[in-house]
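structure_27.pdb follows (PDB, C-alpha atoms, pLDDT in the B column):
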```pdb
ATOM      1  CA  MET F   1       0.000   0.000   0.000  1.00 52.00           C
ATOM      2  CA  ARG F   2       1.443   3.312  -0.999  1.00 51.00           C
ATOM      3  CA  GLU F   3       0.793   6.695   0.434  1.00 55.00           C
ATOM      4  CA  ALA F   4       0.214   9.441  -2.092  1.00 53.00           C
ATOM      5  CA  SER F   5       1.617  12.864  -1.586  1.00 58.00           C
ATOM      6  CA  GLY F   6      -1.863  14.372  -1.229  1.00 57.00           C
ATOM      7  CA  ALA F   7      -2.768  12.205   1.864  1.00 59.00           C
ATOM      8  CA  GLU F   8      -4.702   9.656  -0.269  1.00 66.00           C
ATOM      9  CA  THR F   9      -3.850   6.028   0.268  1.00 77.00           C
ATOM     10  CA  GLY F  10      -4.726   2.924  -1.716  1.00 78.00           C
ATOM     11  CA  PHE F  11      -3.577  -0.340  -3.195  1.00 79.00           C
ATOM     12  CA  THR F  12      -1.793  -0.686  -6.507  1.00 85.00           C
ATOM     13  CA  ILE F  13      -3.236  -2.950  -9.174  1.00 87.00           C
ATOM     14  CA  ALA F  14      -0.325  -5.337  -8.678  1.00 85.00           C
ATOM     15  CA  GLU F  15      -1.090  -5.600  -4.940  1.00 83.00           C
ATOM     16  CA  LEU F  16      -4.765  -6.248  -5.651  1.00 81.00           C
ATOM     17  CA  LEU F  17      -3.937  -8.962  -8.212  1.00 83.00           C
ATOM     18  CA  VAL F  18      -1.609 -10.716  -5.766  1.00 85.00           C
ATOM     19  CA  ALA F  19      -4.299 -10.594  -3.054  1.00 85.00           C
ATOM     20  CA  LEU F  20      -6.896 -12.027  -5.478  1.00 84.00           C
ATOM     21  CA  ALA F  21      -4.507 -14.781  -6.549  1.00 82.00           C
ATOM     22  CA  VAL F  22      -3.860 -15.781  -2.933  1.00 85.00           C
ATOM     23  CA  LEU F  23      -7.596 -15.683  -2.164  1.00 83.00           C
ATOM     24  CA  SER F  24      -8.462 -17.875  -5.168  1.00 80.00           C
ATOM     25  CA  ILE F  25      -5.798 -20.433  -4.179  1.00 80.00           C
ATOM     26  CA  LEU F  26      -7.186 -20.610  -0.644  1.00 76.00           C
ATOM     27  CA  ILE F  27     -10.751 -21.031  -1.938  1.00 76.00           C
ATOM     28  CA  SER F  28      -9.726 -23.789  -4.377  1.00 75.00           C
ATOM     29  CA  MET F  29      -7.963 -25.652  -1.555  1.00 72.00           C
ATOM     30  CA  GLY F  30     -11.020 -25.432   0.699  1.00 66.00           C
ATOM     31  CA  THR F  31     -13.672 -26.453  -1.857  1.00 67.00           C
ATOM     32  CA  PRO F  32     -13.002 -30.243  -1.853  1.00 68.00           C
ATOM     33  CA  ALA F  33     -12.976 -30.346   1.938  1.00 68.00           C
ATOM     34  CA  LEU F  34     -16.242 -28.399   2.029  1.00 74.00           C
ATOM     35  CA  SER F  35     -17.785 -30.812  -0.488  1.00 75.00           C
ATOM     36  CA  GLU F  36     -16.753 -33.812   1.618  1.00 78.00           C
ATOM     37  CA  LEU F  37     -18.136 -32.180   4.737  1.00 80.00           C
ATOM     38  CA  ARG F  38     -21.436 -31.509   2.954  1.00 81.00           C
ATOM     39  CA  GLN F  39     -21.722 -35.147   1.785  1.00 78.00           C
ATOM     40  CA  LYS F  40     -21.037 -36.423   5.291  1.00 83.00           C
ATOM     41  CA  ALA F  41     -23.666 -34.066   6.739  1.00 85.00           C
ATOM     42  CA  GLU F  42     -26.246 -35.149   4.142  1.00 86.00           C
ATOM     43  CA  SER F  43     -25.564 -38.846   4.814  1.00 84.00           C
ATOM     44  CA  THR F  44     -25.910 -38.256   8.548  1.00 85.00           C
ATOM     45  CA  ARG F  45     -29.194 -36.409   8.010  1.00 87.00           C
ATOM     46  CA  VAL F  46     -30.613 -39.274   5.910  1.00 86.00           C
ATOM     47  CA  VAL F  47     -29.689 -41.955   8.444  1.00 88.00           C
ATOM     48  CA  GLN F  48     -30.993 -39.917  11.392  1.00 91.00           C
ATOM     49  CA  HIS F  49     -34.281 -39.458   9.539  1.00 90.00           C
ATOM     50  CA  THR F  50     -34.405 -43.218   8.924  1.00 90.00           C
ATOM     51  CA  LEU F  51     -33.889 -43.908  12.620  1.00 93.00           C
ATOM     52  CA  THR F  52     -36.670 -41.442  13.414  1.00 93.00           C
ATOM     53  CA  LEU F  53     -39.054 -43.297  11.067  1.00 94.00           C
ATOM     54  CA  LEU F  54     -38.183 -46.660  12.619  1.00 95.00           C
ATOM     55  CA  ASN F  55     -38.662 -45.361  16.158  1.00 95.00           C
ATOM     56  CA  TYR F  56     -41.931 -43.688  15.165  1.00 96.00           C
ATOM     57  CA  ALA F  57     -43.323 -46.912  13.635  1.00 96.00           C
ATOM     58  CA  ARG F  58     -42.306 -48.927  16.681  1.00 96.00           C
ATOM     59  CA  SER F  59     -43.822 -46.470  19.156  1.00 96.00           C
ATOM     60  CA  GLU F  60     -47.073 -46.274  17.149  1.00 96.00           C
ATOM     61  CA  ALA F  61     -47.349 -50.073  17.250  1.00 95.00           C
ATOM     62  CA  VAL F  62     -46.886 -50.122  21.012  1.00 96.00           C
ATOM     63  CA  MET F  63     -49.255 -47.198  21.656  1.00 96.00           C
ATOM     64  CA  SER F  64     -52.009 -48.434  19.325  1.00 95.00           C
ATOM     65  CA  GLY F  65     -51.665 -52.124  20.199  1.00 95.00           C
ATOM     66  CA  LEU F  66     -51.780 -52.903  16.461  1.00 93.00           C
ATOM     67  CA  ASP F  67     -49.278 -54.094  13.878  1.00 93.00           C
ATOM     68  CA  VAL F  68     -47.535 -51.191  12.154  1.00 94.00           C
ATOM     69  CA  THR F  69     -45.655 -51.801   8.925  1.00 93.00           C
ATOM     70  CA  LEU F  70     -42.896 -49.701   7.384  1.00 93.00           C
ATOM     71  CA  CYS F  71     -41.781 -50.301   3.802  1.00 90.00           C
ATOM     72  CA  GLY F  72     -40.303 -48.630   0.767  1.00 89.00           C
ATOM     73  CA  THR F  73     -43.096 -48.056  -1.732  1.00 87.00           C
ATOM     74  CA  ASP F  74     -43.371 -47.271  -5.432  1.00 83.00           C
ATOM     75  CA  GLU F  75     -45.568 -44.558  -6.953  1.00 80.00           C
ATOM     76  CA  THR F  76     -48.652 -46.795  -6.591  1.00 79.00           C
ATOM     77  CA  GLY F  77     -48.045 -47.393  -2.865  1.00 76.00           C
ATOM     78  CA  ARG F  78     -46.950 -51.030  -3.174  1.00 82.00           C
ATOM     79  CA  CYS F  79     -44.122 -52.254  -0.945  1.00 84.00           C
ATOM     80  CA  GLN F  80     -40.948 -52.861  -2.941  1.00 84.00           C
ATOM     81  CA  ARG F  81     -38.560 -55.705  -2.280  1.00 79.00           C
ATOM     82  CA  ASP F  82     -35.754 -53.516  -3.652  1.00 79.00           C
ATOM     83  CA  TRP F  83     -35.826 -50.207  -1.778  1.00 82.00           C
ATOM     84  CA  ARG F  84     -33.517 -48.714  -4.401  1.00 79.00           C
ATOM     85  CA  GLN F  85     -36.620 -48.617  -6.621  1.00 78.00           C
ATOM     86  CA  ALA F  86     -38.801 -47.076  -3.900  1.00 83.00           C
ATOM     87  CA  ALA F  87     -40.117 -43.542  -4.209  1.00 81.00           C
ATOM     88  CA  SER F  88     -41.023 -43.169  -0.539  1.00 87.00           C
ATOM     89  CA  VAL F  89     -41.323 -44.914   2.806  1.00 90.00           C
ATOM     90  CA  ASP F  90     -44.838 -45.541   4.090  1.00 92.00           C
ATOM     91  CA  ILE F  91     -45.752 -46.315   7.681  1.00 94.00           C
ATOM     92  CA  PHE F  92     -49.239 -47.728   8.087  1.00 93.00           C
ATOM     93  CA  ILE F  93     -51.456 -49.683  10.476  1.00 93.00           C
ATOM     94  CA  ASP F  94     -51.577 -53.198   9.081  1.00 86.00           C
ATOM     95  CA  ALA F  95     -54.971 -54.182  10.496  1.00 84.00           C
ATOM     96  CA  ASN F  96     -55.325 -57.374   8.434  1.00 84.00           C
ATOM     97  CA  ARG F  97     -51.634 -58.294   8.912  1.00 78.00           C
ATOM     98  CA  ASN F  98     -50.988 -58.937   5.234  1.00 78.00           C
ATOM     99  CA  LYS F  99     -47.839 -56.757   5.254  1.00 75.00           C
ATOM    100  CA  ARG F 100     -49.112 -54.356   2.578  1.00 76.00           C
ATOM    101  CA  HIS F 101     -51.220 -51.224   2.626  1.00 81.00           C
ATOM    102  CA  ASP F 102     -54.848 -51.871   1.706  1.00 82.00           C
ATOM    103  CA  HIS F 103     -57.454 -49.192   1.078  1.00 80.00           C
ATOM    104  CA  PRO F 104     -59.162 -48.960   4.495  1.00 84.00           C
ATOM    105  CA  GLU F 105     -55.892 -49.082   6.464  1.00 87.00           C
ATOM    106  CA  THR F 106     -54.521 -45.839   7.866  1.00 89.00           C
ATOM    107  CA  ILE F 107     -51.251 -44.432   6.558  1.00 90.00           C
ATOM    108  CA  LEU F 108     -49.557 -42.847   9.558  1.00 94.00           C
ATOM    109  CA  ARG F 109     -46.711 -41.217   7.701  1.00 94.00           C
ATOM    110  CA  THR F 110     -45.185 -41.039   4.238  1.00 91.00           C
ATOM    111  CA  SER F 111     -41.636 -39.848   3.774  1.00 90.00           C
ATOM    112  CA  THR F 112     -39.876 -39.264   0.474  1.00 85.00           C
ATOM    113  CA  LEU F 113     -36.586 -41.072   0.071  1.00 75.00           C
ATOM    114  CA  PRO F 114     -33.739 -38.687  -0.782  1.00 76.00           C
ATOM    115  CA  THR F 115     -32.825 -40.433  -4.035  1.00 73.00           C
ATOM    116  CA  GLU F 116     -30.789 -37.403  -5.114  1.00 79.00           C
ATOM    117  CA  LEU F 117     -28.434 -38.040  -2.177  1.00 83.00           C
ATOM    118  CA  GLY F 118     -27.997 -41.786  -2.536  1.00 86.00           C
ATOM    119  CA  VAL F 119     -29.739 -45.149  -2.303  1.00 86.00           C
ATOM    120  CA  MET F 120     -31.255 -47.086   0.570  1.00 86.00           C
ATOM    121  CA  LYS F 121     -30.903 -50.873   0.550  1.00 87.00           C
ATOM    122  CA  TRP F 122     -33.019 -53.111   2.787  1.00 87.00           C
ATOM    123  CA  ARG F 123     -31.865 -56.641   3.507  1.00 87.00           C
ATOM    124  CA  ALA F 124     -33.887 -58.761   5.909  1.00 86.00           C
ATOM    125  CA  SER F 125     -34.256 -62.301   7.135  1.00 81.00           C
ATOM    126  CA  LEU F 126     -36.599 -64.328   4.948  1.00 78.00           C
ATOM    127  CA  ALA F 127     -36.095 -61.722   2.158  1.00 79.00           C
ATOM    128  CA  ARG F 128     -39.004 -59.635   3.402  1.00 84.00           C
ATOM    129  CA  SER F 129     -39.624 -56.243   1.804  1.00 85.00           C
ATOM    130  CA  TYR F 130     -41.065 -54.652   4.936  1.00 89.00           C
ATOM    131  CA  ILE F 131     -40.595 -54.161   8.668  1.00 91.00           C
ATOM    132  CA  THR F 132     -43.612 -54.876  10.848  1.00 92.00           C
ATOM    133  CA  PHE F 133     -43.692 -53.980  14.519  1.00 95.00           C
ATOM    134  CA  ASP F 134     -46.247 -55.762  16.699  1.00 94.00           C
ATOM    135  CA  ALA F 135     -48.008 -54.420  19.791  1.00 95.00           C
ATOM    136  CA  SER F 136     -45.000 -55.302  21.969  1.00 96.00           C
ATOM    137  CA  GLY F 137     -42.619 -53.408  19.659  1.00 96.00           C
ATOM    138  CA  PHE F 138     -40.984 -56.583  18.327  1.00 96.00           C
ATOM    139  CA  THR F 139     -40.367 -57.265  14.613  1.00 91.00           C
ATOM    140  CA  TRP F 140     -39.584 -60.994  14.817  1.00 81.00           C
ATOM    141  CA  GLN F 141     -37.097 -60.533  11.995  1.00 82.00           C
ATOM    142  CA  ASN F 142     -33.598 -59.182  11.610  1.00 86.00           C
ATOM    143  CA  GLY F 143     -32.667 -56.670   8.971  1.00 89.00           C
ATOM    144  CA  THR F 144     -30.249 -53.997   7.884  1.00 91.00           C
ATOM    145  CA  LEU F 145     -30.954 -50.728   6.101  1.00 90.00           C
ATOM    146  CA  THR F 146     -27.840 -49.479   4.333  1.00 91.00           C
ATOM    147  CA  PHE F 147     -27.507 -45.972   2.939  1.00 90.00           C
ATOM    148  CA  CYS F 148     -24.958 -45.493   0.170  1.00 90.00           C
ATOM    149  CA  PRO F 149     -24.315 -41.909  -0.963  1.00 90.00           C
ATOM    150  CA  LYS F 150     -24.399 -40.918  -4.630  1.00 87.00           C
ATOM    151  CA  ASN F 151     -20.622 -40.479  -4.659  1.00 86.00           C
ATOM    152  CA  GLY F 152     -20.229 -44.184  -3.756  1.00 88.00           C
ATOM    153  CA  ASN F 153     -17.753 -43.386  -1.000  1.00 89.00           C
ATOM    154  CA  PRO F 154     -18.093 -46.074   1.703  1.00 91.00           C
ATOM    155  CA  ARG F 155     -16.739 -43.563   4.258  1.00 90.00           C
ATOM    156  CA  ASP F 156     -20.088 -41.748   3.973  1.00 90.00           C
ATOM    157  CA  ALA F 157     -22.210 -44.929   4.083  1.00 92.00           C
ATOM    158  CA  TYR F 158     -24.275 -45.960   7.086  1.00 92.00           C
ATOM    159  CA  ALA F 159     -25.986 -49.145   8.195  1.00 93.00           C
ATOM    160  CA  VAL F 160     -28.962 -49.282  10.553  1.00 93.00           C
ATOM    161  CA  VAL F 161     -29.547 -52.704  12.104  1.00 93.00           C
ATOM    162  CA  ILE F 162     -33.031 -53.699  13.279  1.00 94.00           C
ATOM    163  CA  SER F 163     -33.128 -56.581  15.737  1.00 92.00           C
ATOM    164  CA  GLN F 164     -35.988 -58.995  16.435  1.00 92.00           C
ATOM    165  CA  THR F 165     -36.788 -57.018  19.564  1.00 93.00           C
ATOM    166  CA  GLY F 166     -37.499 -54.014  17.354  1.00 94.00           C
ATOM    167  CA  ARG F 167     -34.542 -51.973  18.514  1.00 93.00           C
ATOM    168  CA  SER F 168     -32.467 -50.245  15.877  1.00 93.00           C
ATOM    169  CA  TYR F 169     -28.909 -49.011  16.047  1.00 92.00           C
ATOM    170  CA  LEU F 170     -26.175 -47.603  13.818  1.00 91.00           C
ATOM    171  CA  THR F 171     -23.197 -49.791  13.136  1.00 91.00           C
ATOM    172  CA  GLY F 172     -19.786 -48.309  13.823  1.00 91.00           C
ATOM    173  CA  ASP F 173     -16.237 -48.323  12.590  1.00 92.00           C
ATOM    174  CA  ARG F 174     -14.674 -50.964  14.846  1.00 90.00           C
ATOM    175  CA  ASP F 175     -11.286 -51.149  13.125  1.00 92.00           C
ATOM    176  CA  ASN F 176     -10.875 -47.340  12.814  1.00 91.00           C
ATOM    177  CA  ASP F 177     -10.205 -47.398   9.062  1.00 93.00           C
ATOM    178  CA  GLY F 178     -12.846 -44.709   8.420  1.00 90.00           C
ATOM    179  CA  ILE F 179     -15.390 -47.167   6.976  1.00 93.00           C
ATOM    180  CA  ARG F 180     -18.293 -48.465   9.075  1.00 93.00           C
ATOM    181  CA  GLU F 181     -18.849 -52.192   9.191  1.00 92.00           C
ATOM    182  CA  ASP F 182     -22.062 -54.192   8.978  1.00 88.00           C
ATOM    183  CA  ARG F 183     -23.143 -56.215  11.984  1.00 85.00           C
ATOM    184  CA  SER F 184     -20.963 -59.162  10.948  1.00 86.00           C
ATOM    185  CA  GLY F 185     -17.846 -56.952  10.882  1.00 88.00           C
ATOM    186  CA  LYS F 186     -17.500 -56.585   7.099  1.00 91.00           C
ATOM    187  CA  PRO F 187     -16.830 -53.060   5.760  1.00 93.00           C
ATOM    188  CA  LEU F 188     -19.835 -51.406   4.123  1.00 92.00           C
ATOM    189  CA  ASN F 189     -19.526 -51.570   0.375  1.00 88.00           C
ATOM    190  CA  CYS F 190     -21.279 -49.178  -1.969  1.00 84.00           C
TER     191      CYS F 190
END
```

For the structure just supplied, provide its representation as structure tokens.
Amino acid sequence: MREASGAETGFTIAELLVALAVLSILISMGTPALSELRQKAESTRVVQHTLTLLNYARSEAVMSGLDVTLCGTDETGRCQRDWRQAASVDIFIDANRNKRHDHPETILRTSTLPTELGVMKWRASLARSYITFDASGFTWQNGTLTFCPKNGNPRDAYAVVISQTGRSYLTGDRDNDGIREDRSGKPLNC
């Protein structure tokens, strides 16, 4: 910064160009880290929302004393075996216990799956396409919901395990390699 003889001060064009060059280098270095942080935050938001849906379905089953089913559904409302093809998740009272939503049954909640952020995979015992909680809160089946982000990075993937007792939990990274494992200890693979 130079001082002019008439008491005016300012920056030269060369000084401004150097400052802009330094600023652009700093921004370009920070952009990938910011993108990774955003992906991690989005993945966390999706899995926390999934846990909320599971807990909601379980508590509704206990409070109502009726079977409540949660499943990934297509545009017509049919439960999908492959949740990657599902448009939304429906939670409904399964009064006739046929594990699908029929016209007179009440839909408690519908939630859109964030397909723009990644895919949700459901794998359950007996290859069931749904999760049903009974009046005691039990499911009587084991299953795992895995979220894989669009970028395919397993470091941003999550797995939610649902036990027969109806409790759900997030799997962790037991070997500290930055990738969460499934309940059998294998790294999540997207």

Shortest contact to Ala41 in chain F, candidates F:Leu26, F:Val18, F:Leu117, F:Cys71, atoms counted only C-alpha atoms, goes to F:Leu117

Do you know which residues are at most 12 Å from Pro104 in chain F counting only C-alpha atoms, after dropping those on the same chain fewer than 2 positions away, and could you put them as an NGL selection string?
-> :F and (92-96 or 100-102 or 106-107)

Give the answer as one residue: which of F:Trp122, F:Pro149, F:Leu20, F:Glu105 has the shortest atom-to-atom distance to Gln80 in chain F, using all atoms listed in the file?
->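 Ranked by minimum distance to Gln80 in chain F, first place goes to F:Trp122.
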
Can you give me, as number ranges by chain, the residues this file yields under the PyMOL selection byres ((chain F and resi 153) around 10)?
-> F: 36, 39-40, 148-152, 154-157, 179, 188-190

For range 168-177 of chain F: contacts at 8 Å, only C-alpha atoms, fewer than 4 positions along chain excluded, given as a list in words = Leu51, Leu54, Asn55, Tyr158, Ala159, Val160, Val161, Ile162, Ser163, Glu181, Asp182, Arg183 and Gly185 of chain F

Extract, using only C-alpha atoms, all DNA, RNA and protein residues at most 12 Å from range 74-79 of chain F, discarding same-chain residues fewer than 2 positions from it, and format them as a VMD selection string.
-> chain F and resid 69 to 72 81 to 92 98 to 103 107 110 to 113 122 128 to 131

Can you work out which one of F:Lys121, F:Arg109, F:Arg97, F:Arg180 has the shortest atom-to-atom distance to Glu60 in chain F, counting only C-alpha atoms?
->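 Once distances to Glu60 in chain F are computed over only C-alpha atoms, the minimum belongs to F:Arg109.
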